[in-house]
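Reading through the structure tokens given below for one structure.
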Amino acid sequence: MCRAGETSAADRHNGAFFIYSLIKMCVMKSVRVTKKQQLSFTATIISLLISIYVKAQDGNAGINEANTKVRSYFASGTNLMYAVGAIVGLIGAIKVYQKWNSGDHDTGKVAAAWFGSCVFLVIVATVIRSFFGV
């Protein structure tokens, strides 16, 4: 239980309490803001707002630029998917060969799983390429 003037641990981590305590300290210490400080603060806020307004651009131009950039990456991305599929296929072939030589009975399931993952990567790359018309 807190006495008057004390705060609980939950209140100390609250952002509103932090701001309140800063304001309370400033009032108690009689912090005075000079005219020069007020003008400086106002000028900073105005320059910030102007810079945000100046950096604004046409939304359609930005969307079209993003569209062309993303489309330019698709050829490289699908080629990367094909390469990953080939590497996964080689690793899968080695794993299946090892299981086959050791005489395991679940060689068929392992071969189907690895083959399925390779087919999935190739199909995904092809579908993405045809879906986006690249």
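Residues in the structure tokens are numbered from 1 in each chain, the chains being A, B, ... in the order shown, and ligands are numbered from 1 in the order shown.
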
Query raised in the report: Which residues come within 7 Å of stretch 108-118 of chain A, counting only C-alpha atoms, excluding same-chain residues fewer than 2 positions away, as a ChimeraX atom specification?
Result: /A:85,88-89,92,96,106,120-122

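The nearest approach to A:Lys95 among the residues A:Gly133, A:Thr107, A:Thr68, A:Asn60, with only C-alpha atoms taken into account, belongs to A:Thr107.
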
Query raised in the report: If you measure from atom CA of A:Val124 to atom CA of A:Gln98, what distance in Å do you get, rounded to one decimal?
Result: 28.3 Å

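Atom CA of A:Asn79 to atom CA of A:Ile91 spans 18.5 Å [interatomic distance, one decimal].
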
Query raised in the report: Can you tell me, as JSON, numbers by chain, what residues are no more than 12 Å from A:Thr126 when counting only C-alpha atoms, ignoring any on the same chain fewer than 3 positions away?
Result: {"A": [74, 75, 77, 78, 79, 80, 81, 82, 119, 120, 121, 122, 123, 129, 130, 131, 132, 133, 134]}

For the residues in that selection, give me N, CA and C atoms as a PDB file, in the first residue's frame.
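Output file result-v9.pdb is given in full below:
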ATOM      1  N   PHE A  74      11.767 -10.321 -59.882  1.00  0.00           N
ATOM      2  CA  PHE A  74      11.118 -11.618 -60.021  1.00  0.00           C
ATOM      3  C   PHE A  74      11.948 -12.610 -60.817  1.00  0.00           C
ATOM      4  N   ALA A  75      12.596 -12.176 -61.865  1.00  0.00           N
ATOM      5  CA  ALA A  75      13.408 -13.105 -62.654  1.00  0.00           C
ATOM      6  C   ALA A  75      14.528 -13.690 -61.800  1.00  0.00           C
ATOM      7  N   GLY A  77      14.512 -13.858 -58.544  1.00  0.00           N
ATOM      8  CA  GLY A  77      13.888 -14.655 -57.478  1.00  0.00           C
ATOM      9  C   GLY A  77      13.483 -16.042 -57.947  1.00  0.00           C
ATOM     10  N   THR A  78      12.889 -16.130 -59.132  1.00  0.00           N
ATOM     11  CA  THR A  78      12.501 -17.453 -59.626  1.00  0.00           C
ATOM     12  C   THR A  78      13.729 -18.292 -59.966  1.00  0.00           C
ATOM     13  N   ASN A  79      14.761 -17.674 -60.509  1.00  0.00           N
ATOM     14  CA  ASN A  79      15.999 -18.429 -60.755  1.00  0.00           C
ATOM     15  C   ASN A  79      16.599 -18.934 -59.446  1.00  0.00           C
ATOM     16  N   LEU A  80      16.503 -18.118 -58.397  1.00  0.00           N
ATOM     17  CA  LEU A  80      16.981 -18.548 -57.086  1.00  0.00           C
ATOM     18  C   LEU A  80      16.155 -19.723 -56.568  1.00  0.00           C
ATOM     19  N   MET A  81      14.834 -19.670 -56.791  1.00  0.00           N
ATOM     20  CA  MET A  81      13.978 -20.790 -56.365  1.00  0.00           C
ATOM     21  C   MET A  81      14.354 -22.071 -57.111  1.00  0.00           C
ATOM     22  N   TYR A  82      14.639 -21.967 -58.411  1.00  0.00           N
ATOM     23  CA  TYR A  82      15.063 -23.141 -59.161  1.00  0.00           C
ATOM     24  C   TYR A  82      16.387 -23.683 -58.630  1.00  0.00           C
ATOM     25  N   VAL A 119       9.493 -30.587 -56.189  1.00  0.00           N
ATOM     26  CA  VAL A 119       8.396 -30.254 -57.100  1.00  0.00           C
ATOM     27  C   VAL A 119       7.665 -29.012 -56.604  1.00  0.00           C
ATOM     28  N   PHE A 120       7.467 -28.911 -55.294  1.00  0.00           N
ATOM     29  CA  PHE A 120       6.791 -27.746 -54.727  1.00  0.00           C
ATOM     30  C   PHE A 120       7.563 -26.465 -55.040  1.00  0.00           C
ATOM     31  N   LEU A 121       8.886 -26.475 -54.868  1.00  0.00           N
ATOM     32  CA  LEU A 121       9.675 -25.280 -55.153  1.00  0.00           C
ATOM     33  C   LEU A 121       9.592 -24.886 -56.627  1.00  0.00           C
ATOM     34  N   VAL A 122       9.631 -25.856 -57.515  1.00  0.00           N
ATOM     35  CA  VAL A 122       9.564 -25.554 -58.948  1.00  0.00           C
ATOM     36  C   VAL A 122       8.184 -25.020 -59.307  1.00  0.00           C
ATOM     37  N   ILE A 123       7.120 -25.623 -58.758  1.00  0.00           N
ATOM     38  CA  ILE A 123       5.759 -25.163 -59.056  1.00  0.00           C
ATOM     39  C   ILE A 123       5.531 -23.765 -58.508  1.00  0.00           C
ATOM     40  N   ARG A 129       5.818 -16.648 -61.281  1.00  0.00           N
ATOM     41  CA  ARG A 129       6.198 -15.990 -62.538  1.00  0.00           C
ATOM     42  C   ARG A 129       4.976 -15.764 -63.429  1.00  0.00           C
ATOM     43  N   SER A 130       4.104 -16.766 -63.550  1.00  0.00           N
ATOM     44  CA  SER A 130       2.932 -16.617 -64.416  1.00  0.00           C
ATOM     45  C   SER A 130       1.869 -15.717 -63.776  1.00  0.00           C
ATOM     46  N   PHE A 131       1.748 -15.735 -62.458  1.00  0.00           N
ATOM     47  CA  PHE A 131       0.735 -14.913 -61.775  1.00  0.00           C
ATOM     48  C   PHE A 131       1.018 -13.436 -61.937  1.00  0.00           C
ATOM     49  N   PHE A 132       2.279 -13.055 -61.806  1.00  0.00           N
ATOM     50  CA  PHE A 132       2.637 -11.642 -61.912  1.00  0.00           C
ATOM     51  C   PHE A 132       2.986 -11.226 -63.343  1.00  0.00           C
ATOM     52  N   GLY A 133       2.900 -12.158 -64.291  1.00  0.00           N
ATOM     53  CA  GLY A 133       3.118 -11.814 -65.690  1.00  0.00           C
ATOM     54  C   GLY A 133       4.510 -11.338 -66.007  1.00  0.00           C
ATOM     55  N   VAL A 134       5.471 -11.951 -65.391  1.00  0.00           N
ATOM     56  CA  VAL A 134       6.855 -11.533 -65.622  1.00  0.00           C
ATOM     57  C   VAL A 134       7.504 -12.486 -66.596  1.00  0.00           C
TER      58      VAL A 134
END

Report summary line: atom CA of A:Ile128 sits from atom CA of A:Ala86 at a separation of 17.8 Å
